[in-house]
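K.L.:
Input: one structure, supplied below.
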Amino acid sequence: MSETTTAAPVAAAVDFAALFPEEVVTKALVRDVTMPGQAGTMALVTLDNGFDHTKPNTFGPASIAGLQACFDGLRARAEAGEIQAVGLTGKPFIFAVGADLSGVPKVTQREQALAIARAGHAAYATLMDLPVPTFAFVNGAAMGGGVEIALACDYRTISAGVPAVALPECFLGLVPGWGGCYLLPNLVGPAKALTMIVENALNTNRMLKGPAAFELGVADAMFAPAEFLEASIDWAAKVVSGAVTVTRPEIPRDEATWTGAIAASTMLADLKTGKQSPAPYRAMTLVAAARTATRDEAFAAEDEALADLLMGDELRAGLYAFDLVQKRAKRPAGAPDRSLARPVTKVGIVGAGLMASQLALLFIQRLEVPVVLTDLDQERVDKGVGYVHAQLDGLAKKGRLNPDKLNRFKALVSGSTSKAGFADAEFVIEAVFEEMGVKKQVFAECEAVVSDTCVLATNTSSLSISQMAADLAHPERVVGFHFFNPVAVMPLLEIIPGSTTDPATLATAFAVGAKLKKTCILVKDSPSFIVNRLLGRFMGEVGRVADAGTPVEVIDQAFMGFAPMPPFVLLGLVGPAIALHNGETLIKAFPDRFYVSEGLKAIVEAKKPGFYTFAGGKPALEPEVLALLPQPANPVVLTAPEVRERVLGALAQEARMMLDEGVAQAPMDIDLAMITGAGFQFWNGGLTPLLDRSGVAEQVAGARFLPAGAASVPA
């Protein structure tokens with residue numbers, strides 16, 4: 001069997017090499033395979049960029065040109081009778097994760113964007129038009145254009161071990177534009193297609209595992225990972241020979257079915273984006289047209305949508321955010337030399353409540369070292385250890401832990417009412433009540449037990465690290481280690497050195513954070529750090545507006561598409577008491593800017609959990625809670641745009657001050673923190689690109705946060 005690499009020149013009208021100078025080319029490697037059962041010869045195309053799975057296959061212009069040449073060659077061979085089928089698979093663990101978007105920031109003309117769109121469609125159409133049956137063998141992660149090239153094949157198999165199948169384009173501010181908006185709804189129906197295209201994308205880029213994608217109808221057959229390629233080729237041979245007939249559900253063509261699916265998806269997009277991102281709406285328009293459009297009509301419409309969105313600020317902001325999460329998060333700015341980090345072979349946790357128990361579970365899973373929980377009484381300790389055991393049992397039932405690892409992990413966690421078990425720990429973290437005196441006492445008790453070099457970490461969300469360490473014999477080993485709730489889900493970890501924290505302690509904190517697989521950001525010791533300070537300013541301004549008389553529903557409406565969720569919904573998630581504590585901490589430090597709502601104080605005093613009830617799964621404002629808000633004699637009622645402008649202005653002012661004070665080292669760290677710690681949208685770029693794009697940054701803060709073109713279309 002021979003293996004060849006195909007290549008072809010790209011269109012001369014656009015200098016793709018200049019736009020994508022660092023493209024890692026995914027090659028189409030072809031080898032002939034004799035199918036069993038006298039089904040003939042299959043040309044098996046393996047997508048491979050020459051790297052291991054840490055650098056997934058992507059399709060830039062040169063890669064697309066190679067695919068085009070490959071498919072042209074296969075067409076000639078098929079017409080000559082040399083091959084009876086074509087198979088398409090990926091390198092180990094990776095099928096393909098879509099378009100290479102690295103050159104998009106350099107795309108300054110719509111014709112360039114249109115040429116990129118058309119090149120992909122041309123290659124995929126050539127694959128679709130091959131005169132022999134075509135098969136996609138989805139062996140690993142498949143996203144975006146990788147899913148679409150699989151859809152361009154006649155048949156698909158998928159491995160049960162595939163970790164991720166997704167169409168993430170709307171998450172970034174784009175649409176599935178190489179056939180996805182046409183092929184998927186015509187394969188699985190409009191409702192299921194929109195689940196992948198819109199719903200999953202807008203729900204923080206939810207991924208489907210192999211079995212879920214198969215259940216959705218994306219693939220015709222599923223096989224175990226160990227035998228996947230062999231089983232797929234055998235199955236394909238049976239399809240070619242007629243021994244297996246593939247049947248699929250008939251897709252309804254009545255307009256009502258498609259209109260209903262679009263309406264449901266539109267409601268979700270309105271809720272998630274407030275109509276501020278055009279991508280999901282363009283995607284829904286394309287899906288609606290797929291009911292009656294020809295392939296050529298649909299592909300041409302996708303070309304136009306891609307060209308428009310490639311020239312839009314939302315995509316540029318989305319790519320900026322993606323770059324932060326993929327690159328800056330892995331090389332934290334300001335982190336000390338890794339060689340200074342000390343080994344951690346045992347961890348102590350002060351507290352055994354929910355947060356402490358979540359931390360114990362995370363440390364056990366990621367560090368795989370003994371973890372000791374302590375608390376005031378045995379009942380609390382037992383409850384904390386029991387929580388960890390129950391969570392591990394749940395993971396085992398889902399197949400995510402084998403019996404040996406389950407038993408080993410359970411054995412790693414223990415509990416005690418004494419801190420004596422911390423004596424040989426190298427890392428101790430407290431997760432007790434958010435009160436300075438309590439935390440100082442905890443650290444004094446720990447210092448009496450631990451070694452002189454044991455790191456003492458605090459999970460405080462707002463208190464001073466320097467003050468917490470001031471009375472200790474070794475204040476240099478105290479560091480802030482602020483997680484976000486829920487610990488297993490939220491990626492952000494704010495790492496805060498105190499005024500005396502030494503480099504070895506800080507390096508150890510970053511090393512532990514990396515092993516925990518968290519996005520670690522260096523933050524200056526200051527009230528509430530980055531995320532909670534900005535959220536405190538946000539909620540303070542919102543509370544000020546509400547206290548003055550603007551209705552809650554108007555305020556919540558103002559931030560649809562600008563914040564990850566309406567502010568009063570967020571308040572219920574955070575908890576009114578926690579929000580009040582954070583606000584009171586900030587107003588002590590910055591009384592001229594921060595505000596604590598009288599309405600919030602009343603709600604906390606009444607022990608209300610929030611403004612909304614969720615009976616039937618839908619949020620509804622609680623009349624009893626609304627009655628607790630101030631009733632000013634002369635209410636000031638703002639419109640939603642006025643509320644938004646005022647609050648964004650406050651955020652711009654606060655972000656500028658935080659940068660001037662060195663709380664965050666750069667705007668990129670503010671954005672990374674707000675994306676990974678507060679869920680701000682990718683297609684907004686986090687926070688500062690939104691402030692730049694809206695004009696608020698220059699109006700209020702005196703200048704843009706980012707250079708022109710960094711997260712928007714170059715001027």
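By order in the structure tokens, chains are A, B, ...; within a chain, residues start at 1; ligands start at 1, following the order shown.
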So that I can check the secondary structure, give me every residue of region 188-314 of chain A assigned alpha helix (DSSP H) by backbone DSSP, as a PyMOL selection string.
P.N.:
chain A and resi 188+190-194+200-202+210-216+228-241+255-273+279-289+295-310+313-314
K.L.:
Take the residues that were just selected and, keeping C-alpha atoms, output them as a tab-separated table (two decimals), in the first residue's frame.
P.N.:
```
chain	number	residue	atom	x	y	z
A	188	VAL	CA	-31.37	14.92	11.95
A	190	PRO	CA	-34.25	21.16	12.55
A	191	ALA	CA	-34.79	20.81	16.31
A	192	LYS	CA	-31.89	18.42	16.87
A	193	ALA	CA	-29.67	20.42	14.54
A	194	LEU	CA	-30.37	23.61	16.45
A	200	ASN	CA	-25.06	23.82	22.96
A	201	ALA	CA	-22.91	26.63	21.59
A	202	LEU	CA	-24.60	29.31	23.69
A	210	GLY	CA	-19.54	9.95	21.09
A	211	PRO	CA	-22.61	8.07	22.38
A	212	ALA	CA	-24.64	11.30	22.66
A	213	ALA	CA	-23.71	12.32	19.11
A	214	PHE	CA	-24.73	8.87	17.89
A	215	GLU	CA	-28.02	9.10	19.76
A	216	LEU	CA	-28.66	12.49	18.15
A	228	PHE	CA	-12.97	1.20	15.90
A	229	LEU	CA	-11.17	1.53	12.56
A	230	GLU	CA	-11.26	-2.17	11.75
A	231	ALA	CA	-14.95	-2.41	12.69
A	232	SER	CA	-15.75	0.73	10.70
A	233	ILE	CA	-14.08	-0.58	7.55
A	234	ASP	CA	-15.85	-3.92	7.95
A	235	TRP	CA	-19.20	-2.11	8.36
A	236	ALA	CA	-18.46	0.10	5.35
A	237	ALA	CA	-17.72	-2.99	3.25
A	238	LYS	CA	-21.13	-4.40	4.14
A	239	VAL	CA	-22.77	-1.13	3.14
A	240	VAL	CA	-20.93	-1.14	-0.19
A	241	SER	CA	-21.85	-4.77	-0.87
A	255	GLU	CA	-43.19	24.47	7.49
A	256	ALA	CA	-44.76	24.32	10.97
A	257	THR	CA	-42.18	21.86	12.27
A	258	TRP	CA	-39.27	23.99	11.10
A	259	THR	CA	-40.86	27.25	12.22
A	260	GLY	CA	-41.51	25.81	15.67
A	261	ALA	CA	-37.92	24.69	16.05
A	262	ILE	CA	-36.64	28.10	14.98
A	263	ALA	CA	-39.01	29.85	17.41
A	264	ALA	CA	-37.78	27.78	20.35
A	265	SER	CA	-34.18	28.39	19.40
A	266	THR	CA	-34.85	32.12	19.01
A	267	MET	CA	-36.21	32.31	22.56
A	268	LEU	CA	-33.04	30.73	23.86
A	269	ALA	CA	-30.82	33.03	21.81
A	270	ASP	CA	-32.74	36.07	23.05
A	271	LEU	CA	-32.21	34.94	26.64
A	272	LYS	CA	-28.52	34.18	26.19
A	273	THR	CA	-27.50	37.05	23.94
A	279	ALA	CA	-24.30	34.75	14.86
A	280	PRO	CA	-27.08	32.54	16.28
A	281	TYR	CA	-29.72	34.49	14.35
A	282	ARG	CA	-27.81	34.11	11.08
A	283	ALA	CA	-27.46	30.40	11.83
A	284	MET	CA	-31.20	30.05	12.42
A	285	THR	CA	-31.96	31.86	9.16
A	286	LEU	CA	-29.72	29.39	7.32
A	287	VAL	CA	-31.31	26.41	9.05
A	288	ALA	CA	-34.80	27.68	8.19
A	289	ALA	CA	-33.81	28.00	4.53
A	295	ARG	CA	-27.27	22.57	-1.87
A	296	ASP	CA	-25.79	25.27	-4.09
A	297	GLU	CA	-28.25	27.85	-2.77
A	298	ALA	CA	-27.53	26.86	0.82
A	299	PHE	CA	-23.76	26.91	0.38
A	300	ALA	CA	-23.92	30.33	-1.28
A	301	ALA	CA	-25.98	31.65	1.63
A	302	GLU	CA	-23.45	30.22	4.09
A	303	ASP	CA	-20.68	31.95	2.12
A	304	GLU	CA	-22.41	35.30	2.55
A	305	ALA	CA	-23.03	34.72	6.26
A	306	LEU	CA	-19.42	33.69	6.84
A	307	ALA	CA	-18.14	36.71	4.96
A	308	ASP	CA	-20.29	39.06	7.04
A	309	LEU	CA	-19.44	37.48	10.37
A	310	LEU	CA	-15.74	37.13	9.62
A	313	ASP	CA	-16.42	42.57	15.90
A	314	GLU	CA	-18.10	39.69	17.74
```
K.L.:
Region 131-215 of chain A near region 82-86 of chain A within 12 Å: what's each residue's closest atom pair and its distance in Å to one decimal, counting only C-alpha atoms, ordered by chain then ascending residue number, as JSON lines?
P.N.:
```
{"residue": "A:Pro131", "atom": "CA", "partner": "A:Ala85", "partner_atom": "CA", "distance": 8.8}
{"residue": "A:Val132", "atom": "CA", "partner": "A:Ala85", "partner_atom": "CA", "distance": 5.2}
{"residue": "A:Pro133", "atom": "CA", "partner": "A:Ala85", "partner_atom": "CA", "distance": 5.1}
{"residue": "A:Thr134", "atom": "CA", "partner": "A:Val86", "partner_atom": "CA", "distance": 4.8}
{"residue": "A:Phe135", "atom": "CA", "partner": "A:Val86", "partner_atom": "CA", "distance": 6.2}
{"residue": "A:Ala136", "atom": "CA", "partner": "A:Val86", "partner_atom": "CA", "distance": 8.6}
{"residue": "A:Phe137", "atom": "CA", "partner": "A:Val86", "partner_atom": "CA", "distance": 10.5}
{"residue": "A:Cys153", "atom": "CA", "partner": "A:Val86", "partner_atom": "CA", "distance": 9.0}
{"residue": "A:Asp154", "atom": "CA", "partner": "A:Val86", "partner_atom": "CA", "distance": 9.9}
{"residue": "A:Tyr155", "atom": "CA", "partner": "A:Val86", "partner_atom": "CA", "distance": 10.4}
{"residue": "A:Arg156", "atom": "CA", "partner": "A:Val86", "partner_atom": "CA", "distance": 11.7}
```
K.L.:
Figure out the distance between CA of Asp323 (chain A) and CA of Leu19 (chain A), please, to one decimal in Å.
P.N.:
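Between CA of Leu19 (chain A) and CA of Asp323 (chain A) the gap is 17.3 Å.
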K.L.:
Give me, as a list in words, all polymer residues having an atom no more than 10 Å from Asn49 (chain A), counting only C-alpha atoms and skipping those fewer than 3 positions away in the same chain.
P.N.:
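Selected residues are Val24, Val25, Thr26, Lys27, Ala28, Leu29, Thr46, Asp52, His53, Lys55, Pro56, Asn57, Thr58, Phe59, Ser63, Gly90, Lys91 and Ala96 of chain A.
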K.L.:
So that I can see what lies close to Leu361 (chain A), please list as a list in words the residues with an atom at most 9 Å from it, counting only C-alpha atoms and leaving out residues fewer than 3 positions away in the same chain.
P.N.:
Ala356, Ser357, Gln358, Ile364, Gln365, Arg366, Val371, Tyr387, Val388, His389, Gln391, Leu392, Phe409, Val413 and Ala488 of chain A
K.L.:
Point out the residue among A:Ala333, A:Leu586, A:Ala558, A:Val30 with the least atom-to-atom distance to Phe510 (chain A), counting only C-alpha atoms.
P.N.:
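Checking each of A:Ala333, A:Leu586, A:Ala558, A:Val30 against Phe510 (chain A), counting only C-alpha atoms, the winner is A:Ala333.
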K.L.:
From the options A:Lys608, A:Asp48, A:Leu534, A:Gly318, which residue's atoms come nearest to Gly686 (chain A), counting only C-alpha atoms?
P.N.:
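Residue with the minimum atom-to-atom distance to Gly686 (chain A): A:Gly318.
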K.L.:
If you count only C-alpha atoms, which residues fall within 10 Å of Ala579 (chain A), apart from same-chain ones fewer than 6 positions away, as a PyMOL selection string?
P.N.:
chain A and resi 532+535-536+539-540+570-573+585+596+600-601+604
K.L.:
Suppose we keep N, CA and C atoms; can you now write the selection as a PDB file, in the first residue's frame?
P.N.:
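And here's again_0.pdb as it stands now:
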```pdb
ATOM      1  N   ASN A 532     -14.541  39.624  42.049  1.00  0.00           N
ATOM      2  CA  ASN A 532     -15.516  40.090  43.034  1.00  0.00           C
ATOM      3  C   ASN A 532     -15.525  41.606  43.165  1.00  0.00           C
ATOM      4  N   LEU A 535     -17.584  42.611  40.075  1.00  0.00           N
ATOM      5  CA  LEU A 535     -18.982  42.237  40.304  1.00  0.00           C
ATOM      6  C   LEU A 535     -19.586  43.075  41.429  1.00  0.00           C
ATOM      7  N   GLY A 536     -18.763  43.441  42.420  1.00  0.00           N
ATOM      8  CA  GLY A 536     -19.249  44.301  43.487  1.00  0.00           C
ATOM      9  C   GLY A 536     -19.626  45.677  42.985  1.00  0.00           C
ATOM     10  N   MET A 539     -22.882  45.130  40.866  1.00  0.00           N
ATOM     11  CA  MET A 539     -24.085  44.951  41.677  1.00  0.00           C
ATOM     12  C   MET A 539     -24.387  46.187  42.513  1.00  0.00           C
ATOM     13  N   GLY A 540     -23.343  46.925  42.896  1.00  0.00           N
ATOM     14  CA  GLY A 540     -23.571  48.162  43.633  1.00  0.00           C
ATOM     15  C   GLY A 540     -24.308  49.190  42.800  1.00  0.00           C
ATOM     16  N   LEU A 570     -28.303  36.604  38.946  1.00  0.00           N
ATOM     17  CA  LEU A 570     -26.965  36.355  39.488  1.00  0.00           C
ATOM     18  C   LEU A 570     -26.958  36.486  41.007  1.00  0.00           C
ATOM     19  N   LEU A 571     -27.673  37.480  41.515  1.00  0.00           N
ATOM     20  CA  LEU A 571     -27.728  37.692  42.959  1.00  0.00           C
ATOM     21  C   LEU A 571     -28.255  36.459  43.679  1.00  0.00           C
ATOM     22  N   GLY A 572     -29.272  35.829  43.113  1.00  0.00           N
ATOM     23  CA  GLY A 572     -29.809  34.615  43.717  1.00  0.00           C
ATOM     24  C   GLY A 572     -28.821  33.469  43.676  1.00  0.00           C
ATOM     25  N   LEU A 573     -28.022  33.402  42.601  1.00  0.00           N
ATOM     26  CA  LEU A 573     -27.038  32.334  42.477  1.00  0.00           C
ATOM     27  C   LEU A 573     -25.901  32.524  43.480  1.00  0.00           C
ATOM     28  N   THR A 585     -17.444  44.965  52.313  1.00  0.00           N
ATOM     29  CA  THR A 585     -15.978  44.978  52.311  1.00  0.00           C
ATOM     30  C   THR A 585     -15.455  46.060  51.374  1.00  0.00           C
ATOM     31  N   VAL A 596     -23.880  49.961  48.822  1.00  0.00           N
ATOM     32  CA  VAL A 596     -24.593  48.780  49.309  1.00  0.00           C
ATOM     33  C   VAL A 596     -26.074  49.105  49.330  1.00  0.00           C
ATOM     34  N   LEU A 600     -31.032  45.346  49.285  1.00  0.00           N
ATOM     35  CA  LEU A 600     -30.287  44.112  49.531  1.00  0.00           C
ATOM     36  C   LEU A 600     -30.178  43.839  51.030  1.00  0.00           C
ATOM     37  N   LYS A 601     -29.917  44.880  51.808  1.00  0.00           N
ATOM     38  CA  LYS A 601     -29.851  44.710  53.260  1.00  0.00           C
ATOM     39  C   LYS A 601     -31.169  44.147  53.803  1.00  0.00           C
ATOM     40  N   VAL A 604     -31.539  40.423  52.916  1.00  0.00           N
ATOM     41  CA  VAL A 604     -30.700  39.573  53.757  1.00  0.00           C
ATOM     42  C   VAL A 604     -31.299  39.458  55.158  1.00  0.00           C
TER      43      VAL A 604
END
```
K.L.:
Using only C-alpha atoms, which residues sit within 10 Å of Ala448 (chain A) once same-chain residues fewer than 5 positions away are excluded, as a list in words?
P.N.:
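After dropping sequence-adjacent residues, the list is Lys419, Ala420, Ala423, Phe443, Leu472 and Ala473 of chain A.
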